[in-house]
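This is my_file_37.txt (compact mmCIF, C-alpha atoms and all ligand atoms).
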# COMPACT_ATOMS: atom_id res chain seq x y z
CA MET A 1 -9.87 -23.21 -10.22
CA SER A 2 -6.83 -21.52 -8.79
CA LEU A 3 -7.03 -17.81 -8.09
CA ASN A 4 -3.34 -17.40 -8.99
CA ALA A 5 -2.82 -15.66 -5.65
CA PHE A 6 0.75 -16.95 -5.33
CA ILE A 7 3.77 -16.57 -7.59
CA THR A 8 5.76 -19.05 -5.49
CA GLU A 9 4.22 -21.53 -3.08
CA THR A 10 6.57 -22.58 -0.33
CA THR A 11 6.67 -23.38 3.36
CA ILE A 12 8.88 -21.30 5.60
CA GLU A 13 8.46 -22.44 9.19
CA GLY A 14 8.76 -19.96 12.01
CA ASP A 15 9.94 -20.52 15.58
CA ASP A 16 8.08 -23.05 17.69
CA ASP A 17 6.06 -20.66 19.71
CA GLY A 18 4.97 -17.09 19.51
CA PRO A 19 1.80 -15.08 19.02
CA LEU A 20 1.37 -16.30 15.42
CA SER A 21 2.39 -19.95 15.94
CA ASP A 22 -0.95 -21.24 14.66
CA LYS A 23 -1.15 -18.80 11.75
CA THR A 24 -0.28 -19.04 8.06
CA VAL A 25 0.86 -15.90 6.29
CA ALA A 26 1.15 -14.92 2.62
CA VAL A 27 3.97 -12.47 1.92
CA LYS A 28 3.82 -10.09 -1.04
CA ASP A 29 6.49 -10.93 -3.58
CA ASN A 30 8.32 -7.61 -3.23
CA ILE A 31 9.31 -8.46 0.37
CA SER A 32 12.64 -10.29 0.54
CA THR A 33 12.74 -13.89 1.77
CA GLU A 34 16.14 -15.50 2.23
CA GLY A 35 16.55 -18.41 -0.16
CA VAL A 36 13.06 -18.00 -1.64
CA ARG A 37 12.58 -16.32 -5.02
CA THR A 38 11.30 -12.75 -4.83
CA THR A 39 10.11 -11.50 -8.23
CA CYS A 40 8.14 -8.29 -7.54
CA GLY A 41 5.70 -9.61 -10.15
CA SER A 42 8.33 -8.87 -12.81
CA ALA A 43 10.03 -11.00 -15.45
CA MET A 44 13.11 -8.92 -14.63
CA LEU A 45 13.48 -10.79 -11.32
CA LYS A 46 12.15 -14.18 -12.40
CA SER A 47 15.16 -15.96 -10.94
CA TYR A 48 16.21 -13.54 -8.20
CA VAL A 49 16.73 -15.20 -4.82
CA PRO A 50 17.50 -12.76 -1.99
CA PRO A 51 20.40 -13.63 0.34
CA TYR A 52 18.62 -12.14 3.37
CA ASP A 53 15.20 -11.71 4.99
CA ALA A 54 13.32 -8.43 5.17
CA THR A 55 13.02 -7.26 8.79
CA VAL A 56 9.26 -7.94 8.74
CA VAL A 57 9.96 -11.54 7.66
CA GLU A 58 12.37 -11.95 10.59
CA HIS A 59 9.58 -10.69 12.85
CA LEU A 60 7.13 -13.18 11.33
CA LYS A 61 9.53 -16.06 11.99
CA GLU A 62 10.15 -14.95 15.58
CA ALA A 63 6.39 -14.75 16.11
CA GLY A 64 6.07 -18.40 15.03
CA ALA A 65 4.16 -17.78 11.80
CA THR A 66 4.32 -20.20 8.86
CA ILE A 67 4.84 -18.42 5.53
CA VAL A 68 2.92 -20.31 2.85
CA GLY A 69 3.90 -18.38 -0.24
CA LYS A 70 4.95 -15.28 -2.06
CA ALA A 71 1.84 -13.43 -3.15
CA ASN A 72 1.15 -12.24 -6.67
CA MET A 73 1.17 -8.49 -7.30
CA ASP A 74 1.22 -5.78 -9.93
CA GLU A 75 4.72 -5.49 -11.36
CA PHE A 76 6.84 -3.59 -8.79
CA GLY A 77 3.57 -2.48 -7.14
CA MET A 78 2.55 -0.39 -10.13
CA GLY A 79 -1.15 -0.88 -10.59
CA GLY A 80 -4.43 -1.26 -8.80
CA THR A 81 -5.82 -4.52 -10.16
CA THR A 82 -2.93 -7.07 -10.10
CA GLU A 83 -3.24 -7.32 -13.88
CA THR A 84 0.24 -5.90 -14.60
CA SER A 85 1.89 -8.98 -13.02
CA ALA A 86 4.19 -10.87 -15.37
CA TYR A 87 2.79 -14.05 -13.77
CA GLY A 88 -0.82 -13.50 -14.85
CA PRO A 89 -3.75 -11.81 -13.13
CA VAL A 90 -5.33 -12.85 -9.83
CA LYS A 91 -9.05 -13.56 -9.56
CA ASN A 92 -11.24 -12.02 -6.90
CA PRO A 93 -12.47 -14.91 -4.70
CA VAL A 94 -15.77 -13.11 -4.09
CA ASP A 95 -16.51 -13.12 -7.84
CA GLU A 96 -13.88 -14.60 -10.13
CA ALA A 97 -14.90 -12.46 -13.10
CA HIS A 98 -13.60 -9.42 -11.21
CA VAL A 99 -10.16 -8.17 -10.23
CA PRO A 100 -9.03 -8.51 -6.61
CA GLY A 101 -7.63 -4.97 -6.61
CA GLY A 102 -3.98 -4.24 -6.26
CA SER A 103 -1.21 -4.02 -6.18
CA SER A 104 -1.29 -6.49 -3.23
CA GLY A 105 -4.06 -8.47 -4.96
CA GLY A 106 -2.52 -11.87 -4.26
CA SER A 107 -2.22 -11.06 -0.56
CA ALA A 108 -5.86 -9.97 -0.25
CA ALA A 109 -7.22 -12.83 -2.39
CA ALA A 110 -5.27 -15.39 -0.34
CA VAL A 111 -6.78 -14.10 2.90
CA ALA A 112 -10.30 -13.77 1.47
CA ALA A 113 -10.18 -17.32 0.08
CA GLY A 114 -8.70 -18.82 3.25
CA GLU A 115 -5.46 -19.78 1.47
CA ALA A 116 -3.66 -17.92 4.28
CA ASP A 117 -4.87 -16.62 7.64
CA LEU A 118 -2.99 -13.36 7.26
CA ALA A 119 -0.93 -11.54 4.68
CA LEU A 120 1.60 -8.79 4.22
CA GLY A 121 1.24 -6.28 1.43
CA SER A 122 2.86 -2.96 0.67
CA ASP A 123 1.02 0.31 0.28
CA THR A 124 2.59 3.12 -1.76
CA GLY A 125 -0.67 4.74 -2.82
CA GLY A 126 -3.33 2.32 -1.62
CA SER A 127 -2.03 -1.11 -2.49
CA VAL A 128 -3.02 -2.71 0.82
CA ARG A 129 -6.33 -0.88 1.30
CA ASN A 130 -7.53 -1.18 -2.31
CA PRO A 131 -7.37 -5.01 -2.55
CA ALA A 132 -8.65 -5.33 1.04
CA ALA A 133 -11.72 -3.32 -0.01
CA PHE A 134 -12.24 -5.24 -3.28
CA CYS A 135 -11.87 -8.67 -1.62
CA GLY A 136 -13.88 -7.89 1.52
CA VAL A 137 -11.04 -8.18 4.05
CA VAL A 138 -9.23 -5.77 6.38
CA GLY A 139 -6.01 -3.97 5.44
CA ILE A 140 -3.90 -1.42 7.29
CA LYS A 141 -1.47 1.15 5.90
CA PRO A 142 0.70 2.15 8.88
CA THR A 143 2.09 5.61 9.61
CA TYR A 144 5.33 6.18 7.69
CA GLY A 145 8.12 4.98 9.96
CA LEU A 146 6.08 2.57 12.08
CA VAL A 147 7.20 -0.52 10.15
CA SER A 148 10.65 -1.25 8.73
CA ARG A 149 11.02 -1.14 4.96
CA TYR A 150 14.35 -3.00 5.08
CA GLY A 151 14.11 -5.77 2.50
CA LEU A 152 11.08 -4.26 0.73
CA VAL A 153 12.03 -3.71 -2.90
CA ALA A 154 11.49 0.03 -3.32
CA TYR A 155 8.93 1.48 -5.71
CA ALA A 156 8.45 4.99 -4.24
CA ASN A 157 10.21 4.92 -0.91
CA SER A 158 8.98 8.22 0.54
CA LEU A 159 5.38 7.03 0.24
CA GLU A 160 5.33 3.34 1.07
CA GLN A 161 4.91 1.12 4.08
CA ILE A 162 4.47 -2.63 4.50
CA GLY A 163 1.01 -3.33 5.93
CA PRO A 164 -1.00 -6.29 7.29
CA LEU A 165 -4.18 -7.90 5.93
CA GLY A 166 -6.57 -10.18 7.82
CA GLN A 167 -10.14 -11.45 7.92
CA THR A 168 -10.91 -9.25 10.92
CA VAL A 169 -9.69 -5.94 12.31
CA GLU A 170 -8.25 -7.73 15.33
CA ASP A 171 -6.32 -10.21 13.15
CA ALA A 172 -4.81 -7.45 11.03
CA ALA A 173 -3.97 -5.41 14.14
CA ALA A 174 -2.30 -8.43 15.77
CA LEU A 175 -0.07 -8.78 12.70
CA LEU A 176 0.72 -5.06 12.92
CA ASP A 177 1.82 -5.65 16.52
CA VAL A 178 4.32 -8.21 15.24
CA ILE A 179 5.84 -6.10 12.45
CA ALA A 180 5.81 -2.60 14.01
CA GLY A 181 8.91 -1.25 15.68
CA PRO A 182 12.23 0.47 15.17
CA ASP A 183 14.90 -1.11 12.98
CA PRO A 184 18.55 -0.06 12.91
CA SER A 185 18.58 -1.09 9.24
CA ASP A 186 15.89 1.48 8.33
CA ALA A 187 16.63 5.00 9.53
CA THR A 188 13.08 6.14 8.75
CA THR A 189 11.83 4.02 11.68
CA ARG A 190 13.72 6.27 14.07
CA PHE A 191 11.31 8.00 16.36
CA ASP A 192 12.02 11.47 17.61
CA SER A 193 9.84 12.56 20.47
CA GLY A 194 9.66 15.97 18.84
CA GLY A 195 7.52 14.38 16.15
CA GLY A 196 10.33 14.09 13.64
CA THR A 197 10.93 17.82 13.64
CA GLY A 198 14.59 17.44 14.44
CA GLU A 199 14.27 17.96 18.16
CA GLU A 200 16.27 15.78 20.45
CA SER A 201 15.68 12.07 19.96
CA ASP A 202 14.80 9.83 22.87
CA GLY A 203 16.00 6.86 20.88
CA ASP A 204 14.18 3.73 19.93
CA SER A 205 12.51 3.16 23.29
CA THR A 206 9.99 5.85 22.40
CA HIS A 207 9.10 4.35 19.03
CA PRO A 208 5.29 4.05 19.04
CA GLY A 209 5.43 0.42 17.93
CA THR A 210 7.50 -0.72 20.90
CA GLU A 211 4.85 -0.63 23.63
CA ALA A 212 1.59 -0.53 21.69
CA SER A 213 -0.98 -3.30 21.46
CA TYR A 214 -3.03 -2.55 18.38
CA ALA A 215 -5.00 -5.80 18.67
CA ALA A 216 -6.22 -4.75 22.12
CA ALA A 217 -7.58 -1.55 20.58
CA ALA A 218 -10.10 -3.56 18.53
CA ASP A 219 -12.73 -3.23 21.26
CA GLY A 220 -15.50 -1.65 19.18
CA ASP A 221 -15.90 1.31 21.51
CA VAL A 222 -16.73 4.40 19.42
CA GLU A 223 -18.86 6.15 22.02
CA GLY A 224 -17.88 9.85 21.83
CA THR A 225 -15.59 9.46 18.79
CA THR A 226 -15.86 12.22 16.20
CA VAL A 227 -15.68 10.88 12.65
CA GLY A 228 -14.97 13.51 9.97
CA VAL A 229 -16.45 12.61 6.58
CA ILE A 230 -14.33 13.99 3.73
CA THR A 231 -17.07 15.34 1.50
CA ASP A 232 -14.74 16.11 -1.44
CA LEU A 233 -14.13 12.39 -1.91
CA LEU A 234 -17.79 11.44 -2.14
CA ASP A 235 -18.59 13.57 -5.19
CA GLY A 236 -16.95 11.40 -7.81
CA ALA A 237 -17.82 8.04 -6.26
CA ASP A 238 -20.21 5.39 -7.60
CA ASP A 239 -23.71 5.79 -6.07
CA ARG A 240 -23.78 2.18 -4.89
CA VAL A 241 -20.51 2.72 -3.05
CA VAL A 242 -21.75 5.94 -1.43
CA GLU A 243 -24.98 4.24 -0.31
CA THR A 244 -23.10 1.41 1.39
CA PHE A 245 -20.72 3.91 2.94
CA GLU A 246 -23.57 6.03 4.33
CA ALA A 247 -25.24 2.96 5.83
CA ALA A 248 -22.02 2.13 7.66
CA LEU A 249 -21.86 5.69 9.01
CA ASP A 250 -25.46 5.35 10.27
CA ASP A 251 -24.37 2.25 12.08
CA LEU A 252 -21.43 4.07 13.69
CA ARG A 253 -23.75 6.88 14.82
CA SER A 254 -26.11 4.32 16.37
CA GLN A 255 -23.12 3.11 18.43
CA GLY A 256 -22.48 6.58 19.83
CA ALA A 257 -20.08 8.11 17.31
CA GLU A 258 -20.65 11.62 16.06
CA THR A 259 -20.07 12.49 12.39
CA VAL A 260 -19.08 15.89 11.02
CA GLU A 261 -18.43 16.97 7.45
CA VAL A 262 -14.93 18.11 6.60
CA SER A 263 -13.65 19.48 3.31
CA LEU A 264 -10.02 19.23 2.18
CA ASP A 265 -9.40 21.55 -0.76
CA SER A 266 -6.05 19.99 -1.57
CA VAL A 267 -7.30 16.47 -2.24
CA GLU A 268 -8.41 17.26 -5.77
CA HIS A 269 -4.70 17.64 -6.62
CA ALA A 270 -3.57 14.54 -4.76
CA VAL A 271 -3.69 12.04 -7.64
CA GLN A 272 -1.60 14.29 -9.90
CA ALA A 273 0.92 15.01 -7.15
CA TYR A 274 1.10 11.34 -6.16
CA TYR A 275 1.81 10.09 -9.67
CA VAL A 276 4.51 12.69 -10.33
CA ILE A 277 6.27 11.83 -7.06
CA ALA A 278 5.77 8.07 -7.32
CA MET A 279 7.00 7.91 -10.93
CA SER A 280 9.96 10.18 -10.17
CA GLU A 281 11.07 8.01 -7.27
CA ALA A 282 10.44 4.86 -9.32
CA SER A 283 12.63 6.09 -12.17
CA SER A 284 15.50 6.34 -9.71
CA ASN A 285 14.76 3.23 -7.63
CA LEU A 286 14.42 0.99 -10.68
CA ALA A 287 17.73 2.09 -12.19
CA ARG A 288 19.44 -0.83 -10.42
CA PHE A 289 17.65 -3.33 -12.67
CA ASP A 290 20.17 -3.25 -15.48
CA GLY A 291 21.02 -6.91 -15.91
CA VAL A 292 24.34 -6.44 -14.13
CA ARG A 293 23.59 -5.34 -10.59
CA TYR A 294 20.10 -6.86 -10.56
CA GLY A 295 17.80 -8.47 -13.06
CA THR A 296 17.98 -10.78 -16.01
CA SER A 297 20.64 -9.86 -18.49
CA GLY A 298 19.64 -9.73 -22.12
CA GLY A 299 22.62 -12.02 -22.72
CA TYR A 300 23.85 -9.33 -25.03
CA GLU A 301 27.53 -8.69 -25.58
CA GLY A 302 27.44 -5.35 -27.38
CA ASN A 303 28.29 -2.06 -25.76
CA TRP A 304 27.04 -1.17 -22.28
CA ASN A 305 24.19 1.12 -23.36
CA ASP A 306 22.81 -1.50 -25.70
CA ALA A 307 23.09 -4.26 -23.10
CA PHE A 308 21.39 -2.10 -20.46
CA ALA A 309 18.60 -1.12 -22.84
CA ARG A 310 18.08 -4.71 -23.99
CA ALA A 311 17.81 -6.06 -20.43
CA ARG A 312 15.23 -3.41 -19.54
CA GLU A 313 13.33 -3.77 -22.80
CA GLU A 314 12.94 -7.49 -22.13
CA GLY A 315 12.61 -7.46 -18.36
CA PHE A 316 10.05 -4.72 -17.72
CA GLY A 317 6.38 -4.66 -18.64
CA GLU A 318 4.56 -1.80 -20.31
CA GLU A 319 3.28 -0.01 -17.20
CA VAL A 320 6.70 -0.06 -15.56
CA LYS A 321 8.32 1.38 -18.68
CA ARG A 322 5.67 4.08 -18.92
CA ARG A 323 6.37 5.15 -15.35
CA ILE A 324 10.15 5.14 -15.68
CA LEU A 325 9.87 7.33 -18.78
CA LEU A 326 7.41 9.77 -17.20
CA GLY A 327 9.37 9.90 -13.94
CA THR A 328 12.64 10.56 -15.75
CA TYR A 329 10.93 13.33 -17.68
CA ALA A 330 9.46 14.92 -14.54
CA LEU A 331 12.90 15.01 -12.92
CA SER A 332 14.79 16.26 -15.97
CA ALA A 333 16.62 19.57 -15.68
CA GLY A 334 14.20 21.63 -17.76
CA TYR A 335 11.01 20.29 -16.22
CA HIS A 336 11.91 19.62 -12.60
CA ASP A 337 10.36 22.85 -11.29
CA LYS A 338 7.27 22.47 -13.41
CA TYR A 339 6.40 18.95 -12.23
CA TYR A 340 8.40 17.52 -9.35
CA LYS A 341 8.63 20.72 -7.32
CA LYS A 342 4.95 21.54 -7.87
CA ALA A 343 4.03 18.04 -6.74
CA GLN A 344 6.06 18.49 -3.56
CA ASP A 345 4.23 21.75 -2.89
CA ALA A 346 0.90 19.98 -3.31
CA ARG A 347 2.12 17.24 -0.97
CA ALA A 348 2.84 19.84 1.74
CA TRP A 349 -0.63 21.30 1.21
CA VAL A 350 -2.29 17.89 1.60
CA LYS A 351 -0.39 17.38 4.89
CA GLN A 352 -1.51 20.78 6.15
CA ASP A 353 -5.13 20.09 5.23
CA PHE A 354 -5.08 16.82 7.18
CA ASP A 355 -3.56 18.57 10.21
CA ASP A 356 -6.39 21.09 10.13
CA ALA A 357 -9.02 18.35 9.75
CA PHE A 358 -7.71 16.53 12.82
CA GLU A 359 -8.43 19.64 14.87
CA ARG A 360 -12.10 18.88 14.26
CA ALA A 361 -12.26 15.08 14.16
CA ASP A 362 -10.59 12.08 15.82
CA VAL A 363 -10.59 10.00 12.64
CA LEU A 364 -11.60 10.71 9.04
CA ALA A 365 -13.77 8.50 6.83
CA THR A 366 -14.10 7.90 3.08
CA PRO A 367 -15.07 4.99 0.89
CA THR A 368 -11.76 3.14 0.37
CA MET A 369 -12.33 2.93 -3.38
CA PRO A 370 -14.71 5.17 -5.33
CA VAL A 371 -15.77 2.25 -7.54
CA LEU A 372 -16.71 -1.43 -7.30
CA PRO A 373 -14.07 -3.98 -8.39
CA PRO A 374 -13.78 -3.79 -12.21
CA ARG A 375 -14.16 -6.91 -14.32
CA LEU A 376 -10.92 -8.65 -15.29
CA GLY A 377 -9.47 -7.05 -18.42
CA GLU A 378 -11.78 -4.06 -18.28
CA SER A 379 -9.43 -1.34 -17.07
CA LEU A 380 -6.00 -2.15 -18.49
CA ASP A 381 -6.36 -0.10 -21.67
CA ASP A 382 -6.93 3.16 -19.85
CA PRO A 383 -4.12 3.96 -17.41
CA LEU A 384 -5.57 7.37 -16.55
CA GLN A 385 -8.82 5.77 -15.40
CA LEU A 386 -6.81 3.40 -13.22
CA TYR A 387 -4.88 6.28 -11.68
CA LEU A 388 -8.11 8.10 -10.82
CA MET A 389 -9.32 5.02 -8.94
CA ASP A 390 -6.67 5.91 -6.31
CA ALA A 391 -8.25 9.28 -5.44
CA ASN A 392 -9.23 8.28 -1.88
CA THR A 393 -6.12 6.35 -0.92
CA VAL A 394 -3.16 8.42 -2.20
CA PRO A 395 -3.76 11.52 -0.01
CA VAL A 396 -2.97 9.31 3.00
CA ASN A 397 0.44 8.31 1.58
CA LEU A 398 1.27 11.89 0.62
CA ALA A 399 0.64 12.87 4.25
CA ASN A 400 2.41 9.75 5.69
CA LEU A 401 -0.68 8.97 7.82
CA PRO A 402 -2.17 5.64 8.98
CA ALA A 403 -5.38 4.29 7.45
CA ILE A 404 -7.42 1.10 7.53
CA SER A 405 -9.91 -0.41 5.11
CA VAL A 406 -12.71 -2.41 6.71
CA PRO A 407 -15.62 -4.15 4.93
CA ALA A 408 -18.69 -1.90 4.99
CA GLY A 409 -21.09 -4.20 3.14
CA GLU A 410 -21.78 -5.29 -0.41
CA ALA A 411 -23.28 -3.71 -3.50
CA ASP A 412 -24.38 -5.91 -6.43
CA GLY A 413 -22.71 -8.83 -4.67
CA LEU A 414 -19.30 -7.09 -4.56
CA PRO A 415 -17.52 -5.87 -1.42
CA VAL A 416 -17.33 -2.18 -0.48
CA GLY A 417 -14.63 -0.96 1.88
CA LEU A 418 -14.76 1.92 4.33
CA GLN A 419 -11.50 3.77 4.94
CA LEU A 420 -10.67 5.34 8.29
CA ILE A 421 -7.70 7.70 8.43
CA GLY A 422 -5.93 8.60 11.66
CA PRO A 423 -3.47 11.24 12.79
CA LYS A 424 0.22 10.34 12.74
CA PHE A 425 0.79 7.19 14.86
CA GLY A 426 -2.96 7.10 15.58
CA GLU A 427 -3.22 3.39 14.64
CA ALA A 428 -5.11 2.54 17.84
CA ALA A 429 -7.85 5.06 17.03
CA ILE A 430 -8.49 3.72 13.51
CA VAL A 431 -8.37 0.10 14.71
CA ARG A 432 -10.92 0.91 17.41
CA ALA A 433 -13.30 2.71 15.04
CA ALA A 434 -12.90 0.03 12.35
CA SER A 435 -13.76 -2.71 14.83
CA ALA A 436 -17.07 -0.93 15.41
CA VAL A 437 -17.80 -1.06 11.66
CA GLU A 438 -17.39 -4.86 11.47
N1 LIG B 1 -2.26 2.13 -7.70
C1 LIG B 1 -1.19 2.91 -7.16
C2 LIG B 1 -0.03 2.90 -8.12
O1 LIG B 1 -0.13 2.24 -9.09
C3 LIG B 1 -0.78 2.39 -5.81
C4 LIG B 1 0.21 1.31 -5.87
C5 LIG B 1 0.77 0.91 -4.56
O2 LIG B 1 0.32 1.32 -3.49
N2 LIG B 1 1.83 0.11 -4.62
O3 LIG B 1 0.96 3.57 -7.93
How does the structure come out when it is put into structure tokens?
Ligand code: GLN
Amino acid sequence: MSLNAFITETTIEGDDDGPLSDKTVAVKDNISTEGVRTTCGSAMLKSYVPPYDATVVEHLKEAGATIVGKANMDEFGMGGTTETSAYGPVKNPVDEAHVPGGSSGGSAAAVAAGEADLALGSDTGGSVRNPAAFCGVVGIKPTYGLVSRYGLVAYANSLEQIGPLGQTVEDAAALLDVIAGPDPSDATTRFDSGGGTGEESDGDSTHPGTEASYAAAADGDVEGTTVGVITDLLDGADDRVVETFEAALDDLRSQGAETVEVSLDSVEHAVQAYYVIAMSEASSNLARFDGVRYGTSGGYEGNWNDAFARAREEGFGEEVKRRILLGTYALSAGYHDKYYKKAQDARAWVKQDFDDAFERADVLATPTMPVLPPRLGESLDDPLQLYLMDANTVPVNLANLPAISVPAGEADGLPVGLQLIGPKFGEAAIVRAASAVE
């Protein structure tokens, strides 16, 4: 039985040689592919064919990769189980009664099932790490600005990055090597040697992705590494998840790592802050889907407001509508200070807390997801419960940091992921520590 990992199966050949010339790659369906339909998991874009490639797709082609399909996903990336896709849910290859996680569920399922060697996903609040954890594969959310977002259909652009998935840490890191780097088409990939503080820029040659080899960092050497365990994020987690997580930490200690406990007071506010910011940005980013500029038109010839409303009524699913409404509300004149501004304050606090934690530890560890993969159909009725599932992943996006999810073991036959978080542009450190977990 098909897992429904792909919305569109296709073959896009890359150049003849390159580091990925023997690899197949699944590309999440919110990443633009020239001449190949890109739906974002939405009926709104069911016949949208981009006229250009995303920068990461250009990099894949230059590296010789063969793209085998556009991977299924939650509609516009809004979800954590791949059940909000207009093209039907994806099954978890480890146990088909369960969800693969999301929103990059098709990408993770394709890799876990061997339908592609590698995959690209996008991670706004966990959407690469969550399905990597639930499907038992590796996923990396890069530091904001490491990878170009040009050609990624925006959900919440201040939070998201395109990230790689693979069967092993080294595979995922090798794909990161291919996609990382500055891009004149995405100003947020500009690297200032002053750490983005506005000091003089050395230009693109100092971009951390230009010289790095992340794959080479997967050497398993954690001797002398200090791993900070974020205790606040263990409290609400499922016991079976915590047990598997602790066993993986024991294993790291036996390889010479030291663990310390760290507490981040701000993280209890992270989910609220994330959803206010993500929905606010989404309400603006999704305004272009009006049936005229982008999206299916309702075929309606009344006045403009009616036509616009009809196209969006028909084209968007329930979760997307909920978020546009809530985001519009949070940004509205009377409530802006109460919600959006407060959320930005919380975001600054989360960043500060991480900075302080990295004074005491080289990398930070949490379970990637506080729960085991839910059964298909189990979680859709309760959006709040779904949002809370993102407690461990969203702080990383709020702080624009890099993080990796690596399989830590299984509980009740279902995969458990361990998340390692690094300081800004500390991808090599999290790749190294994750390769010791494998
Ligand atoms: N589950 C989160 C959300 O729905 C994360 C999604 C993502 O990273 N694209 O917003």
**Report entry** Protein and nucleic acid residues near (8.2, -16.9, -6.4) (cut-off 12 Å, only C-alpha atoms) as an NGL selection string
**Finding:** :A and (4-11 or 26-43 or 45-50 or 68-73 or 86-87)
Find the spatial neighbours of Leu384 (chain A), counting all atoms listed in the file, within a cut-off of 12 Å - ignore same-chain residues fewer than 2 positions away - and output them as a short mmCIF file (atom, residue, chain, number, x, y, z; two decimals) with C-alpha atoms, in the coordinates of the input.
data_model
loop_
_atom_site.label_atom_id
_atom_site.label_comp_id
_atom_site.auth_asym_id
_atom_site.auth_seq_id
_atom_site.Cartn_x
_atom_site.Cartn_y
_atom_site.Cartn_z
CA GLY A 79 -1.15 -0.88 -10.59
CA GLY A 80 -4.43 -1.26 -8.80
CA VAL A 271 -3.69 12.04 -7.64
CA GLN A 272 -1.60 14.29 -9.90
CA TYR A 275 1.81 10.09 -9.67
CA GLU A 319 3.28 -0.01 -17.20
CA ARG A 322 5.67 4.08 -18.92
CA SER A 379 -9.43 -1.34 -17.07
CA LEU A 380 -6.00 -2.15 -18.49
CA ASP A 381 -6.36 -0.10 -21.67
CA ASP A 382 -6.93 3.16 -19.85
CA LEU A 386 -6.81 3.40 -13.22
CA TYR A 387 -4.88 6.28 -11.68
CA LEU A 388 -8.11 8.10 -10.82
CA MET A 389 -9.32 5.02 -8.94
CA ASP A 390 -6.67 5.91 -6.31
CA ALA A 391 -8.25 9.28 -5.44
#
Query raised in the report: For the atom pair CA of Asp265 (chain A) and CA of Asp353 (chain A), what is the interatomic distance in Å to one decimal place?
Result: 7.5 Å
Work out where the centre of an axis-aligned box around every listed atom of ligand LIG 1 (chain B) lies and how long its edges are once 5 Å is added on each side; give both in Å to one decimal as lines of an AutoDock Vina configuration file.
center_x = -0.2
center_y = 1.8
center_z = -6.3
size_x = 14.1
size_y = 13.5
size_z = 15.6
Report task. Tell me, as JSON, numbers by chain, which residues lie within 12 Å of region 247-249 of chain A, counting all atoms listed in the file; anything in the same chain fewer than 6 positions away does not count. Result -> {"A": [222, 226, 227, 228, 229, 240, 241, 255, 256, 257, 258, 259, 260, 261, 364, 365, 366, 367, 406, 407, 408, 409, 410, 411, 416, 417, 418, 419, 420, 433, 434, 435, 436, 437, 438]}
**Report entry** Atom pair CA of Thr368 (chain A) / CA of Asp355 (chain A): separation (Å)
**Finding:** 20.1 Å
Requested in this report: Quote the spacing between CA of Ile230 (chain A) and CA of Ala156 (chain A) in Å to one decimal place.
Outcome: 25.8 Å
Report task. Please identify the residues whose atoms come within 9 Å of ligand LIG 1 (chain B), using all atoms listed in the file, and report them as JSON, numbers by chain. Result -> {"A": [74, 76, 77, 78, 79, 80, 81, 101, 102, 103, 104, 121, 122, 123, 124, 125, 126, 127, 128, 129, 130, 155, 156, 159, 160, 161, 274, 275, 278, 279, 386, 387, 388, 389, 390, 393, 394, 397]}
Query raised in the report: Which polymer residues have any atom within 8 Å of an atom of Ala108 (chain A), counting all atoms listed in the file, with same-chain residues fewer than 6 positions away left out, as a list in words?
Result: Pro100, Ala119, Val128, Pro131, Ala132, Cys135, Val137 and Leu165 of chain A
